Amino acid sequence: MTETKTKLRKAPAAVVLTKGAEARIAHLMSQAPGDAIGVKLSTPRRGCSGLAYSVDYVSDEVAMDEKIETPGGTFYIDGASVLYLIGSTMDWREDDFTAGFVFENPNAKGACGCGESFMV
């Protein structure tokens, strides 16, 4: 009898972080409260289109969350939000008037006029 070994390939992250997003995570972690272990992305229900992007400090690791190690700190994706975010790119952009994370989400079927919320 021959035993076969299956080589498992690591699954790609649900969200791709740009260098700008990674740098902003590093900046946030440099100013994080003492109990913070990372930064977490979630998609709470709010806004006129139904879902919004929310980035907050996290102090406890949750088994169902996706965990991404970045050069500046650990980035988590809420387990309940992963399906809404698969294939997305997260960037940090600043200009003279605004600064914030920007998401390119192929799952979004629409967004509100102000860009604060989206629907899938």
# chains A, B, ... in the order shown; residues from 1 in each chain; ligands from 1
call {"tool": "residues_around", "arguments": {"residues": "segment 94-103 of chain A", "least_positions_apart": "3", "cutoff": "12 Å", "atoms": "only C-alpha atoms", "output": "PyMOL selection string"}}
result
chain A and resi 15-18+20-25+41+43+52-56+84-91+106-108+111+115-118
call {"tool": "write_last_selection", "arguments": {"atoms": "N, CA and C atoms", "output": "short mmCIF file (atom, residue, chain, number, x, y, z; two decimals), in the first residue's frame"}}
result
data_model
loop_
_atom_site.label_atom_id
_atom_site.label_comp_id
_atom_site.auth_asym_id
_atom_site.auth_seq_id
_atom_site.Cartn_x
_atom_site.Cartn_y
_atom_site.Cartn_z
N VAL A 15 -8.42 39.81 2.25
CA VAL A 15 -8.21 41.21 1.88
C VAL A 15 -6.72 41.43 1.63
N VAL A 16 -6.41 42.08 0.53
CA VAL A 16 -5.03 42.44 0.21
C VAL A 16 -4.80 43.84 0.77
N LEU A 17 -3.73 43.98 1.53
CA LEU A 17 -3.37 45.28 2.10
C LEU A 17 -2.28 45.91 1.24
N THR A 18 -2.48 47.16 0.86
CA THR A 18 -1.43 47.87 0.12
C THR A 18 -0.33 48.29 1.10
N GLY A 20 0.49 51.27 1.69
CA GLY A 20 -0.08 52.41 2.43
C GLY A 20 -0.92 51.94 3.62
N ALA A 21 -1.72 50.89 3.41
CA ALA A 21 -2.54 50.35 4.51
C ALA A 21 -1.65 49.74 5.58
N GLU A 22 -0.62 49.01 5.16
CA GLU A 22 0.30 48.42 6.13
C GLU A 22 1.01 49.50 6.95
N ALA A 23 1.41 50.58 6.29
CA ALA A 23 2.08 51.68 7.01
C ALA A 23 1.13 52.33 8.00
N ARG A 24 -0.15 52.46 7.63
CA ARG A 24 -1.11 53.06 8.55
C ARG A 24 -1.38 52.14 9.74
N ILE A 25 -1.43 50.84 9.50
CA ILE A 25 -1.60 49.88 10.60
C ILE A 25 -0.41 50.00 11.56
N LEU A 41 -10.76 44.73 11.11
CA LEU A 41 -11.72 45.21 10.13
C LEU A 41 -13.01 44.41 10.28
N THR A 43 -17.56 44.64 9.28
CA THR A 43 -18.57 45.28 8.44
C THR A 43 -19.90 45.33 9.19
N ALA A 52 -21.15 48.86 6.56
CA ALA A 52 -20.09 49.87 6.55
C ALA A 52 -18.77 49.21 6.92
N TYR A 53 -17.68 49.83 6.57
CA TYR A 53 -16.36 49.34 6.97
C TYR A 53 -16.01 49.98 8.31
N SER A 54 -15.50 49.19 9.23
CA SER A 54 -15.10 49.70 10.53
C SER A 54 -13.74 49.11 10.89
N VAL A 55 -12.80 49.98 11.27
CA VAL A 55 -11.47 49.55 11.67
C VAL A 55 -11.26 50.02 13.11
N ASP A 56 -11.01 49.06 14.00
CA ASP A 56 -10.87 49.36 15.42
C ASP A 56 -9.73 48.55 16.03
N TYR A 84 -18.11 39.01 2.90
CA TYR A 84 -18.40 40.28 2.23
C TYR A 84 -17.13 40.92 1.67
N LEU A 85 -15.97 40.45 2.11
CA LEU A 85 -14.70 41.13 1.81
C LEU A 85 -13.76 40.34 0.90
N ILE A 86 -14.03 39.09 0.61
CA ILE A 86 -13.12 38.26 -0.18
C ILE A 86 -12.77 38.95 -1.50
N GLY A 87 -11.48 39.05 -1.76
CA GLY A 87 -11.00 39.66 -3.00
C GLY A 87 -10.83 41.17 -2.93
N SER A 88 -11.08 41.76 -1.78
CA SER A 88 -10.98 43.22 -1.63
C SER A 88 -9.53 43.68 -1.46
N THR A 89 -9.31 44.93 -1.78
CA THR A 89 -8.04 45.60 -1.53
C THR A 89 -8.31 46.76 -0.57
N MET A 90 -7.46 46.88 0.44
CA MET A 90 -7.59 47.96 1.41
C MET A 90 -6.37 48.86 1.29
N ASP A 91 -6.61 50.15 1.14
CA ASP A 91 -5.53 51.12 0.98
C ASP A 91 -5.74 52.26 1.97
N PRO A 106 -14.90 43.83 -4.74
CA PRO A 106 -15.63 43.29 -5.89
C PRO A 106 -17.00 42.72 -5.51
N ASN A 107 -17.26 42.53 -4.22
CA ASN A 107 -18.55 41.98 -3.78
C ASN A 107 -19.61 43.05 -3.60
N ALA A 108 -19.21 44.30 -3.54
CA ALA A 108 -20.16 45.40 -3.33
C ALA A 108 -20.98 45.60 -4.59
N ALA A 111 -23.34 51.35 -3.40
CA ALA A 111 -22.88 52.13 -2.25
C ALA A 111 -23.74 53.38 -2.13
N GLY A 115 -20.45 57.33 0.23
CA GLY A 115 -19.40 56.31 0.25
C GLY A 115 -19.17 55.69 1.61
N GLU A 116 -20.00 55.99 2.60
CA GLU A 116 -19.82 55.46 3.95
C GLU A 116 -20.32 54.02 4.11
N SER A 117 -21.24 53.59 3.24
CA SER A 117 -21.77 52.23 3.39
C SER A 117 -21.93 51.58 2.01
N PHE A 118 -22.09 50.26 2.04
CA PHE A 118 -22.20 49.50 0.80
C PHE A 118 -23.19 48.35 0.98
#
call {"tool": "select_by_dssp", "arguments": {"residues": "segment 76-118 of chain A", "states": "alpha helix (DSSP H)", "output": "JSON list (two decimals) with C-alpha atoms, in the first residue's frame"}}
result
[["chain", "number", "residue", "atom", "x", "y", "z"],
["A", 82, "VAL", "CA", -14.98, 37.70, 5.58],
["A", 83, "LEU", "CA", -17.58, 36.62, 3.00],
["A", 84, "TYR", "CA", -18.40, 40.28, 2.23],
["A", 85, "LEU", "CA", -14.70, 41.13, 1.81]]
call {"tool": "closest_residue", "arguments": {"among": "A:Ala14, A:Met64, A:Met119, A:Val39", "to": "Tyr76 of chain A", "atoms": "only C-alpha atoms"}}
result
A:Val39
call {"tool": "atom_distance", "arguments": {"atom1": "atom CA of Phe75 of chain A", "atom2": "atom CA of Glu61 of chain A"}}
result
10.6 Å
call {"tool": "residues_around", "arguments": {"residues": "Ser30 of chain A", "least_positions_apart": "6", "cutoff": "12 Å", "atoms": "only C-alpha atoms", "output": "PyMOL selection string"}}
result
chain A and resi 23-24+36-39+57+72-74
call {"tool": "closest_residue", "arguments": {"among": "A:Gln31, A:Asn105, A:Ile77, A:Arg93", "to": "Lys19 of chain A", "atoms": "only C-alpha atoms"}}
result
A:Arg93
call {"tool": "select_by_dssp", "arguments": {"residues": "chain A", "states": "strand (DSSP E or B)", "output": "ChimeraX atom specification"}}
result
/A:15-17,38-42,45,51-52,54-58,66-70,73-77,88-94,99-104,110-111,117-119
call {"tool": "decode", "arguments": {"residues": "segment 34-50 of chain A", "atoms": "all heavy atoms", "output": "mmCIF file, in the first residue's frame"}}
result
data_model
loop_
_atom_site.group_PDB
_atom_site.id
_atom_site.type_symbol
_atom_site.label_atom_id
_atom_site.label_comp_id
_atom_site.auth_asym_id
_atom_site.auth_seq_id
_atom_site.Cartn_x
_atom_site.Cartn_y
_atom_site.Cartn_z
ATOM 1 N N GLY A 34 -2.505 50.067 25.596
ATOM 2 C CA GLY A 34 -1.652 48.991 26.080
ATOM 3 C C GLY A 34 -2.199 47.588 25.895
ATOM 4 O O GLY A 34 -1.439 46.644 25.711
ATOM 5 N N ASP A 35 -3.519 47.419 25.897
ATOM 6 C CA ASP A 35 -4.083 46.074 25.782
ATOM 7 C C ASP A 35 -4.365 45.661 24.337
ATOM 8 O O ASP A 35 -4.825 44.555 24.071
ATOM 9 C CB ASP A 35 -5.367 45.956 26.613
ATOM 10 C CG ASP A 35 -6.483 46.868 26.119
ATOM 11 O OD1 ASP A 35 -6.197 47.858 25.411
ATOM 12 O OD2 ASP A 35 -7.650 46.584 26.455
ATOM 13 N N ALA A 36 -4.091 46.523 23.363
ATOM 14 C CA ALA A 36 -4.364 46.216 21.956
ATOM 15 C C ALA A 36 -3.367 45.193 21.422
ATOM 16 O O ALA A 36 -2.166 45.334 21.599
ATOM 17 C CB ALA A 36 -4.319 47.482 21.121
ATOM 18 N N ILE A 37 -3.898 44.172 20.750
ATOM 19 C CA ILE A 37 -3.041 43.165 20.115
ATOM 20 C C ILE A 37 -3.018 43.329 18.601
ATOM 21 O O ILE A 37 -2.273 42.648 17.907
ATOM 22 C CB ILE A 37 -3.476 41.729 20.483
ATOM 23 C CG1 ILE A 37 -4.909 41.461 20.014
ATOM 24 C CG2 ILE A 37 -3.331 41.489 21.979
ATOM 25 C CD1 ILE A 37 -5.333 40.012 20.078
ATOM 26 N N GLY A 38 -3.847 44.216 18.092
ATOM 27 C CA GLY A 38 -3.902 44.437 16.660
ATOM 28 C C GLY A 38 -5.034 45.368 16.281
ATOM 29 O O GLY A 38 -5.661 45.995 17.136
ATOM 30 N N VAL A 39 -5.284 45.417 14.977
ATOM 31 C CA VAL A 39 -6.340 46.235 14.402
ATOM 32 C C VAL A 39 -7.277 45.282 13.669
ATOM 33 O O VAL A 39 -6.827 44.343 13.010
ATOM 34 C CB VAL A 39 -5.744 47.273 13.420
ATOM 35 C CG1 VAL A 39 -6.822 48.061 12.732
ATOM 36 C CG2 VAL A 39 -4.793 48.201 14.148
ATOM 37 N N LYS A 40 -8.594 45.537 13.791
ATOM 38 C CA LYS A 40 -9.583 44.620 13.222
ATOM 39 C C LYS A 40 -10.537 45.346 12.276
ATOM 40 O O LYS A 40 -11.042 46.413 12.581
ATOM 41 C CB LYS A 40 -10.380 43.976 14.356
ATOM 42 C CG LYS A 40 -11.374 42.924 13.923
ATOM 43 C CD LYS A 40 -11.985 42.292 15.161
ATOM 44 C CE LYS A 40 -12.912 41.159 14.858
ATOM 45 N NZ LYS A 40 -13.360 40.487 16.095
ATOM 46 N N LEU A 41 -10.764 44.732 11.113
ATOM 47 C CA LEU A 41 -11.718 45.212 10.132
ATOM 48 C C LEU A 41 -13.006 44.414 10.277
ATOM 49 O O LEU A 41 -12.979 43.186 10.324
ATOM 50 C CB LEU A 41 -11.151 45.034 8.715
ATOM 51 C CG LEU A 41 -12.106 45.281 7.552
ATOM 52 C CD1 LEU A 41 -12.583 46.730 7.526
ATOM 53 C CD2 LEU A 41 -11.419 44.913 6.241
ATOM 54 N N SER A 42 -14.120 45.121 10.357
ATOM 55 C CA SER A 42 -15.421 44.458 10.400
ATOM 56 C C SER A 42 -16.383 45.226 9.507
ATOM 57 O O SER A 42 -16.070 46.323 9.023
ATOM 58 C CB SER A 42 -15.952 44.381 11.837
ATOM 59 O OG SER A 42 -16.102 45.674 12.374
ATOM 60 N N THR A 43 -17.560 44.645 9.278
ATOM 61 C CA THR A 43 -18.573 45.282 8.437
ATOM 62 C C THR A 43 -19.904 45.331 9.192
ATOM 63 O O THR A 43 -20.815 44.566 8.902
ATOM 64 C CB THR A 43 -18.751 44.539 7.097
ATOM 65 O OG1 THR A 43 -19.054 43.170 7.364
ATOM 66 C CG2 THR A 43 -17.509 44.643 6.238
ATOM 67 N N PRO A 44 -20.020 46.223 10.172
ATOM 68 C CA PRO A 44 -21.272 46.316 10.919
ATOM 69 C C PRO A 44 -22.408 46.843 10.038
ATOM 70 O O PRO A 44 -22.168 47.516 9.035
ATOM 71 C CB PRO A 44 -20.947 47.307 12.038
ATOM 72 C CG PRO A 44 -19.847 48.136 11.489
ATOM 73 C CD PRO A 44 -19.049 47.221 10.598
ATOM 74 N N ARG A 45 -23.618 46.511 10.424
ATOM 75 C CA ARG A 45 -24.803 47.010 9.709
ATOM 76 C C ARG A 45 -25.052 48.461 10.126
ATOM 77 O O ARG A 45 -25.318 48.745 11.271
ATOM 78 C CB ARG A 45 -26.011 46.161 10.051
ATOM 79 C CG ARG A 45 -25.861 44.748 9.582
ATOM 80 C CD ARG A 45 -27.200 44.040 9.500
ATOM 81 N NE ARG A 45 -27.041 42.693 9.008
ATOM 82 C CZ ARG A 45 -26.824 42.344 7.743
ATOM 83 N NH1 ARG A 45 -26.736 43.286 6.833
ATOM 84 N NH2 ARG A 45 -26.690 41.091 7.379
ATOM 85 N N ARG A 46 -24.895 49.357 9.157
ATOM 86 C CA ARG A 46 -25.214 50.763 9.382
ATOM 87 C C ARG A 46 -25.124 51.513 8.059
ATOM 88 O O ARG A 46 -24.611 51.007 7.074
ATOM 89 C CB ARG A 46 -24.339 51.388 10.451
ATOM 90 C CG ARG A 46 -22.934 51.672 10.072
ATOM 91 C CD ARG A 46 -22.232 52.495 11.160
ATOM 92 N NE ARG A 46 -20.871 52.677 10.728
ATOM 93 C CZ ARG A 46 -19.801 52.253 11.365
ATOM 94 N NH1 ARG A 46 -19.918 51.631 12.508
ATOM 95 N NH2 ARG A 46 -18.610 52.465 10.882
ATOM 96 N N GLY A 47 -25.611 52.710 8.060
ATOM 97 C CA GLY A 47 -25.595 53.522 6.852
ATOM 98 C C GLY A 47 -26.794 53.226 5.973
ATOM 99 O O GLY A 47 -27.548 52.297 6.207
ATOM 100 N N CYS A 48 -26.958 54.015 4.931
ATOM 101 C CA CYS A 48 -28.143 53.870 4.089
ATOM 102 C C CYS A 48 -28.069 52.680 3.137
ATOM 103 O O CYS A 48 -29.089 52.259 2.613
ATOM 104 C CB CYS A 48 -28.407 55.167 3.338
ATOM 105 S SG CYS A 48 -26.972 55.974 2.663
ATOM 106 N N SER A 49 -26.901 52.097 2.923
ATOM 107 C CA SER A 49 -26.804 50.942 2.029
ATOM 108 C C SER A 49 -26.731 49.610 2.778
ATOM 109 O O SER A 49 -26.742 48.562 2.155
ATOM 110 C CB SER A 49 -25.578 51.075 1.114
ATOM 111 O OG SER A 49 -25.798 52.096 0.175
ATOM 112 N N GLY A 50 -26.609 49.630 4.085
ATOM 113 C CA GLY A 50 -26.682 48.384 4.846
ATOM 114 C C GLY A 50 -25.441 47.987 5.608
ATOM 115 O O GLY A 50 -25.516 47.616 6.760
#
